[in-house]
$ cat run-v9.tsv   # TSV, C-alpha atoms and all ligand atoms
chain	number	residue	atom	x	y	z
A	1	LYS	CA	47.84	42.48	-16.23
A	2	LYS	CA	47.44	39.94	-19.03
A	3	HIS	CA	46.49	40.79	-22.57
A	4	HIS	CA	46.89	37.52	-24.39
A	5	THR	CA	43.23	36.57	-24.26
A	6	SER	CA	41.93	39.90	-25.44
A	7	LEU	CA	40.83	39.86	-29.05
A	8	ILE	CA	39.97	43.51	-29.07
A	9	SER	CA	43.43	44.72	-28.13
A	10	LEU	CA	45.13	42.96	-31.01
A	11	SER	CA	47.71	45.28	-32.38
A	12	PHE	CA	47.49	45.62	-36.13
A	13	SER	CA	50.27	48.14	-36.24
A	14	LYS	CA	52.93	45.46	-35.70
A	15	ASN	CA	51.93	43.66	-38.84
A	16	PRO	CA	52.77	45.38	-42.12
A	17	SER	CA	50.33	43.42	-44.27
A	18	SER	CA	47.37	43.99	-41.98
A	19	ARG	CA	48.40	47.60	-41.51
A	20	ARG	CA	48.07	48.02	-45.25
A	21	ALA	CA	44.69	46.34	-45.20
A	22	HIS	CA	43.60	48.55	-42.34
A	23	MET	CA	44.57	51.70	-44.15
A	24	THR	CA	42.57	50.79	-47.23
A	25	THR	CA	39.33	52.65	-46.77
A	26	HIS	CA	36.60	52.07	-49.28
A	27	ALA	CA	35.13	55.41	-50.19
A	28	ALA	CA	31.54	55.43	-51.35
A	29	THR	CA	30.48	57.13	-54.53
A	30	PRO	CA	27.50	59.54	-54.33
A	31	ALA	CA	25.38	56.90	-56.11
A	32	ILE	CA	26.13	54.35	-53.40
A	33	THR	CA	25.43	56.72	-50.49
A	34	THR	CA	22.10	57.67	-52.05
A	35	ALA	CA	21.22	53.98	-52.44
A	36	ILE	CA	22.16	53.32	-48.80
A	37	ARG	CA	19.83	56.05	-47.61
A	38	ARG	CA	16.94	55.29	-49.94
A	39	ARG	CA	17.00	51.56	-49.36
A	40	LYS	CA	17.62	52.07	-45.63
A	41	LYS	CA	20.64	49.84	-45.58
A	42	ILE	CA	22.16	48.74	-42.31
A	43	VAL	CA	24.81	46.23	-41.27
A	44	VAL	CA	24.06	44.03	-38.26
A	45	ILE	CA	26.90	42.24	-36.47
A	46	MET	CA	25.65	39.40	-34.33
A	47	GLY	CA	27.34	36.78	-32.18
A	48	ALA	CA	27.73	35.47	-28.67
A	49	THR	CA	29.71	37.33	-26.04
A	50	GLY	CA	33.46	37.04	-26.60
A	51	CYS	CA	33.42	36.29	-30.34
A	52	GLY	CA	34.96	39.60	-31.41
A	53	LYS	CA	31.89	41.58	-32.56
A	54	SER	CA	33.17	44.90	-31.23
A	55	LYS	CA	36.55	44.45	-32.83
A	56	LEU	CA	35.02	43.49	-36.16
A	57	SER	CA	32.65	46.44	-36.07
A	58	VAL	CA	35.39	49.03	-35.63
A	59	ASP	CA	37.54	47.24	-38.19
A	60	LEU	CA	34.75	47.42	-40.76
A	61	ALA	CA	33.29	50.80	-39.86
A	62	SER	CA	36.72	52.42	-39.97
A	63	ARG	CA	37.68	50.76	-43.25
A	64	PHE	CA	34.60	51.25	-45.35
A	65	PHE	CA	33.62	54.81	-44.89
A	66	PRO	CA	35.53	57.08	-42.59
A	67	ALA	CA	32.20	58.27	-41.25
A	68	SER	CA	30.43	54.97	-40.52
A	69	GLU	CA	28.82	54.83	-37.10
A	70	ILE	CA	28.09	52.07	-34.61
A	71	ILE	CA	24.91	51.54	-32.59
A	72	ASN	CA	25.30	49.31	-29.55
A	73	SER	CA	22.71	46.54	-29.17
A	74	ASP	CA	23.89	45.03	-25.89
A	75	LYS	CA	21.16	45.59	-23.31
A	76	ILE	CA	23.59	45.96	-20.41
A	77	GLN	CA	26.11	48.16	-22.21
A	78	VAL	CA	23.43	50.80	-22.87
A	79	TYR	CA	23.79	51.83	-19.22
A	80	ARG	CA	26.35	54.23	-17.84
A	81	GLY	CA	28.89	52.63	-15.50
A	82	LEU	CA	30.63	49.29	-14.87
A	83	ASP	CA	32.57	49.60	-18.12
A	84	ALA	CA	35.06	46.81	-17.36
A	85	THR	CA	32.45	44.44	-15.91
A	86	THR	CA	30.16	44.84	-18.92
A	87	ASN	CA	33.02	44.74	-21.40
A	88	LYS	CA	32.39	48.04	-23.16
A	89	ILE	CA	34.86	48.73	-25.92
A	90	PRO	CA	37.34	51.28	-24.50
A	91	LEU	CA	37.60	54.69	-26.16
A	92	HIS	CA	41.15	54.10	-27.43
A	93	GLU	CA	40.02	50.97	-29.31
A	94	ARG	CA	37.14	52.65	-31.13
A	95	LYS	CA	39.39	53.89	-33.95
A	96	ASN	CA	37.57	57.23	-33.92
A	97	VAL	CA	34.33	55.54	-34.97
A	98	ARG	CA	31.33	57.22	-33.36
A	99	HIS	CA	29.34	54.95	-31.03
A	100	HIS	CA	25.68	55.40	-30.05
A	101	LEU	CA	23.57	54.00	-27.19
A	102	LEU	CA	26.74	52.89	-25.43
A	103	GLY	CA	26.77	53.88	-21.76
A	104	GLU	CA	24.16	56.58	-22.40
A	105	PHE	CA	21.45	55.74	-19.88
A	106	ASP	CA	21.30	55.74	-16.11
A	107	SER	CA	19.67	52.75	-14.55
A	108	SER	CA	17.84	54.37	-11.71
A	109	ASP	CA	14.73	53.45	-9.86
A	110	SER	CA	12.79	56.07	-11.79
A	111	HIS	CA	13.78	54.49	-15.12
A	112	PRO	CA	14.95	51.05	-14.10
A	113	GLU	CA	15.01	49.23	-17.39
A	114	PHE	CA	15.79	50.05	-20.99
A	115	THR	CA	13.38	47.74	-22.82
A	116	PRO	CA	13.36	46.27	-26.35
A	117	SER	CA	10.68	48.89	-27.21
A	118	ASP	CA	12.94	51.67	-25.91
A	119	PHE	CA	15.72	50.27	-28.06
A	120	ARG	CA	13.45	50.08	-31.12
A	121	SER	CA	12.57	53.76	-30.88
A	122	SER	CA	16.01	55.08	-29.83
A	123	ALA	CA	17.97	53.02	-32.34
A	124	SER	CA	15.65	53.77	-35.26
A	125	SER	CA	15.96	57.49	-34.68
A	126	VAL	CA	19.77	57.19	-34.58
A	127	ILE	CA	19.64	55.14	-37.81
A	128	SER	CA	17.69	57.95	-39.52
A	129	GLN	CA	20.27	60.48	-38.39
A	130	ILE	CA	23.15	58.32	-39.63
A	131	HIS	CA	21.42	57.80	-42.97
A	132	SER	CA	20.85	61.53	-43.29
A	133	ARG	CA	24.61	61.93	-42.86
A	134	ARG	CA	24.95	59.57	-45.86
A	135	SER	CA	26.64	56.96	-43.77
A	136	VAL	CA	26.11	53.30	-42.90
A	137	PRO	CA	24.77	52.31	-39.48
A	138	PHE	CA	26.40	49.23	-37.93
A	139	ILE	CA	24.25	47.57	-35.24
A	140	VAL	CA	26.54	45.64	-32.90
A	141	GLY	CA	25.78	43.73	-29.74
A	142	GLY	CA	24.71	40.40	-28.28
A	143	SER	CA	21.14	41.14	-27.25
A	144	ASN	CA	19.10	39.45	-29.93
A	145	SER	CA	15.80	40.55	-28.41
A	146	PHE	CA	16.90	44.15	-29.03
A	147	ILE	CA	17.94	43.42	-32.60
A	148	TYR	CA	14.66	41.65	-33.31
A	149	ALA	CA	12.65	44.51	-31.75
A	150	LEU	CA	14.47	47.05	-33.89
A	151	LEU	CA	14.23	45.25	-37.21
A	152	SER	CA	10.84	43.62	-37.34
A	153	LYS	CA	8.24	45.56	-39.28
A	154	LYS	CA	5.54	44.81	-36.74
A	155	PHE	CA	6.81	44.52	-33.19
A	156	ASN	CA	4.65	43.35	-30.32
A	157	PRO	CA	6.23	44.37	-26.99
A	158	GLU	CA	3.93	41.97	-25.16
A	159	SER	CA	5.30	38.89	-26.85
A	160	ASP	CA	8.75	37.47	-26.12
A	161	VAL	CA	9.50	35.57	-29.31
A	162	PHE	CA	12.45	33.83	-27.62
A	163	SER	CA	10.57	32.51	-24.60
A	164	GLU	CA	10.57	28.74	-24.14
A	165	SER	CA	6.81	28.63	-24.63
A	166	ASN	CA	7.36	29.92	-28.19
A	167	TRP	CA	10.16	27.50	-29.00
A	168	GLY	CA	8.59	25.32	-31.73
A	169	GLU	CA	6.33	28.16	-32.77
A	170	ASP	CA	7.82	29.84	-35.85
A	171	SER	CA	4.76	31.98	-36.60
A	172	VAL	CA	5.52	34.25	-33.61
A	173	PHE	CA	8.22	35.91	-35.68
A	174	CYS	CA	7.41	38.81	-37.96
A	175	LYS	CA	9.28	37.90	-41.15
A	176	GLU	CA	9.27	41.38	-42.66
A	177	GLN	CA	11.98	43.87	-41.80
A	178	ARG	CA	12.00	47.66	-41.63
A	179	TYR	CA	15.46	47.95	-43.18
A	180	SER	CA	17.56	46.36	-45.85
A	181	CYS	CA	19.95	44.34	-43.69
A	182	CYS	CA	23.31	42.67	-44.09
A	183	PHE	CA	23.67	40.19	-41.23
A	184	LEU	CA	27.14	39.08	-40.18
A	185	TRP	CA	27.23	36.33	-37.58
A	186	VAL	CA	30.63	36.04	-35.87
A	187	ASP	CA	30.71	32.45	-34.68
A	188	VAL	CA	33.20	30.53	-32.53
A	189	SER	CA	32.89	26.82	-31.77
A	190	LEU	CA	31.38	26.57	-28.28
A	191	PRO	CA	34.12	24.48	-26.59
A	192	VAL	CA	36.77	26.96	-27.76
A	193	LEU	CA	34.60	29.92	-26.81
A	194	ASN	CA	33.97	28.52	-23.33
A	195	GLU	CA	37.67	28.07	-22.74
A	196	TYR	CA	38.27	31.64	-23.89
A	197	LEU	CA	35.45	33.09	-21.77
A	198	VAL	CA	36.77	31.42	-18.63
A	199	LYS	CA	40.21	32.94	-19.23
A	200	ARG	CA	38.67	36.28	-20.09
A	201	VAL	CA	36.94	36.45	-16.72
A	202	ASP	CA	40.32	36.04	-14.96
A	203	ASP	CA	41.82	38.74	-17.19
A	204	MET	CA	38.91	41.10	-16.61
A	205	LEU	CA	39.12	40.68	-12.85
A	206	GLU	CA	42.83	41.44	-12.94
A	207	SER	CA	42.43	44.45	-15.17
A	208	GLY	CA	39.88	46.51	-13.30
A	209	MET	CA	36.66	44.56	-12.88
A	210	PHE	CA	37.26	43.70	-9.22
A	211	GLU	CA	38.05	47.29	-8.21
A	212	GLU	CA	35.11	48.55	-10.24
A	213	LEU	CA	32.71	46.20	-8.44
A	214	ALA	CA	34.23	47.09	-5.04
A	215	LYS	CA	33.44	50.74	-5.75
A	216	TYR	CA	29.98	49.88	-7.02
A	217	PHE	CA	29.12	48.08	-3.79
A	218	GLU	CA	30.41	50.99	-1.68
A	219	ASN	CA	27.55	53.06	-3.08
A	220	PRO	CA	24.46	52.86	-0.86
A	221	ALA	CA	22.28	52.78	-4.01
A	222	SER	CA	23.54	49.24	-4.65
A	223	ASP	CA	21.39	48.22	-1.66
A	224	SER	CA	18.12	49.13	-3.32
A	225	VAL	CA	15.87	46.19	-4.10
A	226	SER	CA	15.49	46.87	-7.81
A	227	GLU	CA	16.79	44.00	-9.93
A	228	CYS	CA	16.79	46.01	-13.14
A	229	GLY	CA	19.39	47.56	-15.36
A	230	LEU	CA	23.04	47.39	-14.40
A	231	LYS	CA	22.28	45.23	-11.40
A	232	LYS	CA	21.73	42.35	-13.75
A	233	ALA	CA	25.20	42.63	-15.28
A	234	ILE	CA	27.12	39.40	-14.85
A	235	GLY	CA	29.45	40.11	-11.94
A	236	VAL	CA	27.05	42.15	-9.82
A	237	PRO	CA	24.76	39.46	-8.38
A	238	GLU	CA	27.65	36.99	-8.20
A	239	PHE	CA	29.84	39.35	-6.14
A	240	GLU	CA	27.06	40.72	-3.97
A	241	LYS	CA	27.56	38.21	-1.18
A	242	TYR	CA	31.32	38.76	-1.19
A	243	PHE	CA	31.15	42.54	-0.91
A	244	LYS	CA	28.17	42.74	1.42
A	245	ARG	CA	29.74	40.32	3.91
A	246	PHE	CA	33.33	41.35	3.30
A	247	LYS	CA	33.86	43.06	6.66
A	248	SER	CA	32.14	40.48	8.80
A	249	ILE	CA	33.95	37.34	7.64
A	250	ASP	CA	37.45	35.98	8.20
A	251	ASP	CA	40.15	35.53	5.54
A	252	GLU	CA	39.29	31.95	4.78
A	253	GLU	CA	35.58	32.62	4.33
A	254	ARG	CA	36.41	35.66	2.25
A	255	SER	CA	38.63	33.69	-0.07
A	256	MET	CA	35.95	31.00	-0.43
A	257	ALA	CA	33.32	33.65	-1.19
A	258	TYR	CA	35.67	35.12	-3.82
A	259	GLU	CA	36.27	31.77	-5.49
A	260	GLU	CA	32.55	31.04	-5.49
A	261	ALA	CA	31.78	34.39	-7.13
A	262	VAL	CA	34.41	33.86	-9.83
A	263	ARG	CA	33.13	30.35	-10.55
A	264	ALA	CA	29.56	31.66	-10.86
A	265	ILE	CA	30.65	34.46	-13.22
A	266	LYS	CA	32.43	31.95	-15.44
A	267	ASP	CA	29.43	29.60	-15.50
A	268	ASN	CA	26.95	32.38	-16.16
A	269	THR	CA	29.06	33.86	-18.95
A	270	CYS	CA	29.29	30.47	-20.70
A	271	GLN	CA	25.56	29.97	-20.29
A	272	LEU	CA	24.88	33.43	-21.69
A	273	ALA	CA	26.98	32.59	-24.78
A	274	LYS	CA	25.11	29.31	-25.30
A	275	ARG	CA	21.72	31.01	-25.00
A	276	GLN	CA	22.78	33.74	-27.40
A	277	VAL	CA	23.80	31.19	-30.03
A	278	GLY	CA	20.42	29.45	-29.56
A	279	LYS	CA	18.63	32.74	-30.27
A	280	ILE	CA	20.76	33.45	-33.33
A	281	LEU	CA	19.96	30.02	-34.73
A	282	ARG	CA	16.30	30.68	-34.09
A	283	LEU	CA	16.46	33.96	-36.00
A	284	ARG	CA	18.10	32.11	-38.87
A	285	ASP	CA	15.89	29.03	-38.88
A	286	ALA	CA	12.52	30.27	-37.64
A	287	ALA	CA	12.51	33.93	-38.65
A	288	GLY	CA	14.40	33.19	-41.88
A	289	TRP	CA	17.12	35.83	-41.45
A	290	ASP	CA	19.85	35.47	-44.04
A	291	LEU	CA	22.85	35.32	-41.71
A	292	LYS	CA	26.34	35.28	-43.21
A	293	ARG	CA	28.46	33.27	-40.83
A	294	VAL	CA	32.13	34.13	-40.33
A	295	ASP	CA	34.17	31.70	-38.30
A	296	ALA	CA	36.42	33.28	-35.67
A	297	THR	CA	37.31	29.98	-33.95
A	298	GLU	CA	40.92	29.93	-35.11
A	299	ALA	CA	41.46	33.57	-34.17
A	300	VAL	CA	40.09	33.00	-30.67
A	301	ARG	CA	42.16	29.83	-30.28
A	302	ALA	CA	45.28	31.72	-31.37
A	303	ALA	CA	44.45	34.59	-28.98
A	304	MET	CA	44.62	32.06	-26.14
A	305	ASP	CA	47.67	30.18	-27.40
A	306	CYS	CA	50.07	32.75	-28.74
A	307	GLY	CA	48.63	36.26	-29.14
A	308	GLY	CA	50.30	39.08	-31.09
A	309	ARG	CA	51.05	39.04	-34.77
A	310	LYS	CA	49.84	35.51	-35.49
A	311	VAL	CA	46.38	36.30	-34.12
A	312	ALA	CA	46.25	39.51	-36.13
A	313	ASN	CA	47.02	37.57	-39.33
A	314	ILE	CA	44.42	34.89	-38.66
A	315	TRP	CA	41.82	37.49	-37.73
A	316	GLU	CA	42.54	39.41	-40.89
A	317	LYS	CA	42.35	36.41	-43.23
A	318	GLN	CA	39.52	34.47	-41.64
A	319	VAL	CA	37.28	37.15	-40.17
A	320	ALA	CA	37.96	40.73	-41.29
A	321	GLU	CA	38.56	40.11	-45.01
A	322	PRO	CA	35.59	37.77	-45.61
A	323	SER	CA	33.36	40.20	-43.70
A	324	MET	CA	34.64	43.14	-45.73
A	325	LYS	CA	33.74	41.30	-48.93
A	326	ILE	CA	30.24	40.51	-47.71
A	327	VAL	CA	29.53	44.09	-46.61
A	328	LYS	CA	31.03	45.59	-49.74
A	329	ARG	CA	28.87	43.40	-51.97
A	330	PHE	CA	25.78	44.35	-49.96
A	331	LEU	CA	26.49	48.07	-50.21
A	332	MET	CA	27.08	47.86	-53.97
A	333	GLU	CA	23.79	45.99	-54.62
A	401	LIG	P1	18.44	38.89	-25.08
A	401	LIG	O1	18.05	37.65	-24.41
A	401	LIG	O2	17.50	39.99	-24.79
A	401	LIG	O3	18.74	38.72	-26.51
A	401	LIG	P2	21.17	38.85	-23.96
A	401	LIG	O4	21.51	37.63	-24.70
A	401	LIG	O5	22.11	40.01	-24.06
A	401	LIG	O6	19.75	39.43	-24.36
A	401	LIG	P3	20.11	37.71	-21.48
A	401	LIG	O7	20.05	36.29	-21.91
A	401	LIG	O8	18.84	38.44	-21.24
A	401	LIG	O9	21.06	38.59	-22.44
A	401	LIG	O10	21.04	37.90	-20.21
A	401	LIG	C1	21.55	36.90	-19.41
A	401	LIG	C2	22.34	37.53	-18.32
A	401	LIG	O11	23.54	38.05	-18.84
A	401	LIG	C3	21.59	38.68	-17.72
A	401	LIG	O12	21.72	38.69	-16.35
A	401	LIG	C4	22.24	39.86	-18.38
A	401	LIG	O13	22.12	40.99	-17.65
A	401	LIG	C5	23.68	39.40	-18.50
A	401	LIG	N1	24.42	40.12	-19.54
A	401	LIG	C6	24.10	40.27	-20.82
A	401	LIG	N2	24.98	41.05	-21.45
A	401	LIG	C7	25.89	41.42	-20.52
A	401	LIG	C8	27.05	42.26	-20.52
A	401	LIG	N3	27.46	42.91	-21.60
A	401	LIG	N4	27.74	42.40	-19.37
A	401	LIG	C9	27.35	41.79	-18.27
A	401	LIG	N5	26.27	41.01	-18.19
A	401	LIG	C10	25.54	40.82	-19.29

$ encode --input "run-v9.tsv" --output "structure tokens" --more "lines below"
Ligand code: ATP
Amino acid sequence: KKHHTSLISLSFSKNPSSRRAHMTTHAATPAITTAIRRRKKIVVIMGATGCGKSKLSVDLASRFFPASEIINSDKIQVYRGLDATTNKIPLHERKNVRHHLLGEFDSSDSHPEFTPSDFRSSASSVISQIHSRRSVPFIVGGSNSFIYALLSKKFNPESDVFSESNWGEDSVFCKEQRYSCCFLWVDVSLPVLNEYLVKRVDDMLESGMFEELAKYFENPASDSVSECGLKKAIGVPEFEKYFKRFKSIDDEERSMAYEEAVRAIKDNTCQLAKRQVGKILRLRDAAGWDLKRVDATEAVRAAMDCGGRKVANIWEKQVAEPSMKIVKRFLME
């Protein structure tokens, strides 16, 4: 089981300086918490898959206010199940920060898909609850269609603002937002991210994804024709052929089917990341969102090259600290 390519499992406790930084929580005065609630302030952490959004969110949410809460905006992670395959942040890495809309829904044939409209209504009601607890909601996840649906003042469920037919068409975006937002965009240069994602797939397969998918395909429900919900998770369609034909093919065919599935997962993950960055740029350039970009390229490169304390230091200096400053300024405004 390898850990060197996992950003999320970086151990801060080995590093005295980052341990100090981690233990510095920034308590809010009553005036600030009132302002957060009245002005409906939220923090939105965006970025492609693999850039470290989940890690940054728990770092920030646990440092600013002990009670800050996270709302997942990854359209596959909202479903219950396939935790390793969909890369849900494990419980022990959540630093006691409460998470919402993470693994809460069953994808069944009666309710096959959790849509952007569903997300808009569920997430906004959770935001109201968090605000009423005088805390800051952090929206974290890679599904930009969900984030757009939640934030735009007028949302039209019939129109996919990111579809190719709307590409040069900036007027499809509603420019007004329902909340006062601080947007953090965790960015990693694409060649570095691709290299990382390819390694991450190997790590994920070794640390539970393969067994999880084997179990998933043992369930007769995986035969149903529905293409919605969890069935779309990268890993499921790619491994379908392997698991469905597993018993009827010889060793050589099986090993070829395995290699083919792994290659497809790697390709599809890199394509997902590229598409996500395209959508983020569109939200910045066409919708006019004021995204604050933090560059996690060096941290991701270090996670692949050396791991451990060096990565923790780079992450702290180049990602966590600049993000803390941005969020702090926003909350004080
Ligand atoms: P959106 O386009 O709505 O902003 P997105 O960027 O999360 O969302 P899509 O481009 O719709 O995702 O998804 C591309 C493929 O990647 C889909 O098959 C989707 O199910 C899959 N995918 C997205 N997120 C995950 C995840 N966390 N785990 C596994 N597969 C995922």

$ closest_atom_pairs --input "run-v9.tsv" --of "chain A" --to "ligand LIG 401 (chain A)" --cutoff "10 Å" --atoms "only C-alpha atoms and all ligand atoms" --output "CSV"
residue,atom,partner,partner_atom,distance
A:Gly47,CA,A:LIG401,O4,9.5
A:Ala48,CA,A:LIG401,O4,7.7
A:Thr49,CA,A:LIG401,N3,7.5
A:Gly50,CA,A:LIG401,N3,9.8
A:Ser73,CA,A:LIG401,O5,8.3
A:Asp74,CA,A:LIG401,O5,5.6
A:Lys75,CA,A:LIG401,O5,5.7
A:Ile76,CA,A:LIG401,C8,5.1
A:Gln77,CA,A:LIG401,N3,5.5
A:Val78,CA,A:LIG401,N3,9.0
A:Tyr79,CA,A:LIG401,N3,9.9
A:Leu82,CA,A:LIG401,N4,8.7
A:Asp83,CA,A:LIG401,N4,8.8
A:Ala84,CA,A:LIG401,N4,8.8
A:Thr85,CA,A:LIG401,N4,6.2
A:Thr86,CA,A:LIG401,N4,3.5
A:Asn87,CA,A:LIG401,N3,5.9
A:Lys88,CA,A:LIG401,N3,7.3
A:Thr115,CA,A:LIG401,O2,9.0
A:Pro116,CA,A:LIG401,O2,7.7
A:Gly141,CA,A:LIG401,O5,7.7
A:Gly142,CA,A:LIG401,O5,5.0
A:Ser143,CA,A:LIG401,O3,3.5
A:Asn144,CA,A:LIG401,O3,3.5
A:Ser145,CA,A:LIG401,O3,3.9
A:Phe146,CA,A:LIG401,O2,6.0
A:Ile147,CA,A:LIG401,O3,7.7
A:Tyr148,CA,A:LIG401,O3,8.5
A:Ala149,CA,A:LIG401,O2,9.6
A:Asp160,CA,A:LIG401,O2,9.2
A:Phe162,CA,A:LIG401,O1,7.5
A:Ser163,CA,A:LIG401,O1,9.1
A:Glu227,CA,A:LIG401,O12,9.7
A:Cys228,CA,A:LIG401,O13,8.6
A:Gly229,CA,A:LIG401,O13,7.5
A:Leu230,CA,A:LIG401,O13,7.2
A:Lys231,CA,A:LIG401,O13,7.6
A:Lys232,CA,A:LIG401,O13,4.1
A:Ala233,CA,A:LIG401,N5,3.5
A:Ile234,CA,A:LIG401,N5,3.8
A:Gly235,CA,A:LIG401,C9,6.9
A:Val236,CA,A:LIG401,C9,8.5
A:Pro237,CA,A:LIG401,O12,8.6
A:Ile265,CA,A:LIG401,N5,9.3
A:Asn268,CA,A:LIG401,O11,7.1
A:Thr269,CA,A:LIG401,O11,6.9
A:Cys270,CA,A:LIG401,O11,9.7
A:Gln271,CA,A:LIG401,C1,8.1
A:Leu272,CA,A:LIG401,C1,5.3
A:Ala273,CA,A:LIG401,O4,7.4
A:Lys274,CA,A:LIG401,O4,9.1
A:Arg275,CA,A:LIG401,O7,6.3
A:Gln276,CA,A:LIG401,O4,4.9
A:Val277,CA,A:LIG401,O4,8.7
A:Gly278,CA,A:LIG401,O4,9.6
A:Lys279,CA,A:LIG401,O3,7.1
A:Ile280,CA,A:LIG401,O3,8.9

$ atom_distance --input "run-v9.tsv" --atom1 "atom CA of Gly103 of chain A" --atom2 "atom CA of Gly81 of chain A"
6.7 Å

$ closest_residue --input "run-v9.tsv" --among "A:Arg309, A:Val201, A:Leu213, A:Trp289" --to "Asp267 of chain A" --atoms "all atoms listed in the file"
A:Val201

$ atom_distance --input "run-v9.tsv" --atom1 "atom CA of Ser117 of chain A" --atom2 "atom CA of Leu101 of chain A"
13.9 Å

$ closest_residue --input "run-v9.tsv" --among "A:Ile139, A:Leu184, A:Ile32, A:Leu60" --to "Asn72 of chain A" --atoms "all atoms listed in the file"
A:Ile139

$ closest_residue --input "run-v9.tsv" --among "A:Asp187, A:Asp250, A:Glu69, A:Glu298" --to "Lys95 of chain A" --atoms "all atoms listed in the file"
A:Glu69

$ closest_residue --input "run-v9.tsv" --among "A:Val97, A:Val262, A:Ala299, A:Ile130" --to "Leu193 of chain A" --atoms "only C-alpha atoms"
A:Ala299

$ closest_residue --input "run-v9.tsv" --among "A:Ser108, A:Ser248, A:Asn194, A:Ser152" --to "Thr297 of chain A" --atoms "only C-alpha atoms"
A:Asn194

$ residues_around --input "run-v9.tsv" --residues "Glu333 of chain A" --least-positions-apart "2" --cutoff "12 Å" --atoms "all atoms listed in the file" --output "PyMOL selection string"
chain A and resi 31-33+35-36+39+41+180-182+326-331

$ residues_around --input "run-v9.tsv" --residues "segment 241-246 of chain A" --least-positions-apart "5" --cutoff "8 Å" --atoms "all atoms listed in the file" --output "compact mmCIF listing (two decimals) with C-alpha atoms, keeping the file's coordinate frame"
# COMPACT_ATOMS: atom_id res chain seq x y z
CA ALA A 214 34.23 47.09 -5.04
CA PHE A 217 29.12 48.08 -3.79
CA ARG A 254 36.41 35.66 2.25
CA ALA A 257 33.32 33.65 -1.19
CA TYR A 258 35.67 35.12 -3.82
CA ALA A 261 31.78 34.39 -7.13

$ atom_distance --input "run-v9.tsv" --atom1 "atom CA of Ser125 of chain A" --atom2 "atom CA of Leu150 of chain A"
10.6 Å

$ build_atoms --input "run-v9.tsv" --residues "segment 162-166 of chain A" --atoms "all heavy atoms" --output "compact mmCIF listing (two decimals), keeping the file's coordinate frame"
# COMPACT_ATOMS: atom_id res chain seq x y z
N PHE A 162 11.42 34.81 -27.99
CA PHE A 162 12.45 33.83 -27.62
C PHE A 162 12.08 33.01 -26.37
O PHE A 162 12.88 32.20 -25.92
CB PHE A 162 13.79 34.53 -27.36
CG PHE A 162 14.35 35.20 -28.57
CD1 PHE A 162 14.41 36.58 -28.65
CD2 PHE A 162 14.81 34.44 -29.64
CE1 PHE A 162 14.94 37.20 -29.77
CE2 PHE A 162 15.32 35.06 -30.77
CZ PHE A 162 15.39 36.44 -30.84
N SER A 163 10.89 33.25 -25.84
CA SER A 163 10.57 32.51 -24.60
C SER A 163 10.40 31.03 -24.93
O SER A 163 10.05 30.65 -26.06
CB SER A 163 9.32 33.08 -23.94
OG SER A 163 8.19 32.55 -24.58
N GLU A 164 10.63 30.19 -23.93
CA GLU A 164 10.57 28.74 -24.14
C GLU A 164 9.20 28.32 -24.66
O GLU A 164 9.10 27.38 -25.45
CB GLU A 164 10.90 28.01 -22.85
CG GLU A 164 12.38 27.75 -22.74
CD GLU A 164 12.75 27.00 -21.48
OE1 GLU A 164 11.98 26.13 -21.05
OE2 GLU A 164 13.82 27.34 -20.94
N SER A 165 8.17 29.03 -24.21
CA SER A 165 6.81 28.63 -24.63
C SER A 165 6.62 28.84 -26.14
O SER A 165 5.74 28.26 -26.75
CB SER A 165 5.76 29.42 -23.85
OG SER A 165 5.99 30.80 -24.07
N ASN A 166 7.47 29.68 -26.74
CA ASN A 166 7.36 29.92 -28.19
C ASN A 166 8.36 29.09 -28.99
O ASN A 166 8.55 29.33 -30.17
CB ASN A 166 7.58 31.40 -28.49
CG ASN A 166 6.36 32.23 -28.15
OD1 ASN A 166 5.24 31.75 -28.28
ND2 ASN A 166 6.58 33.45 -27.70
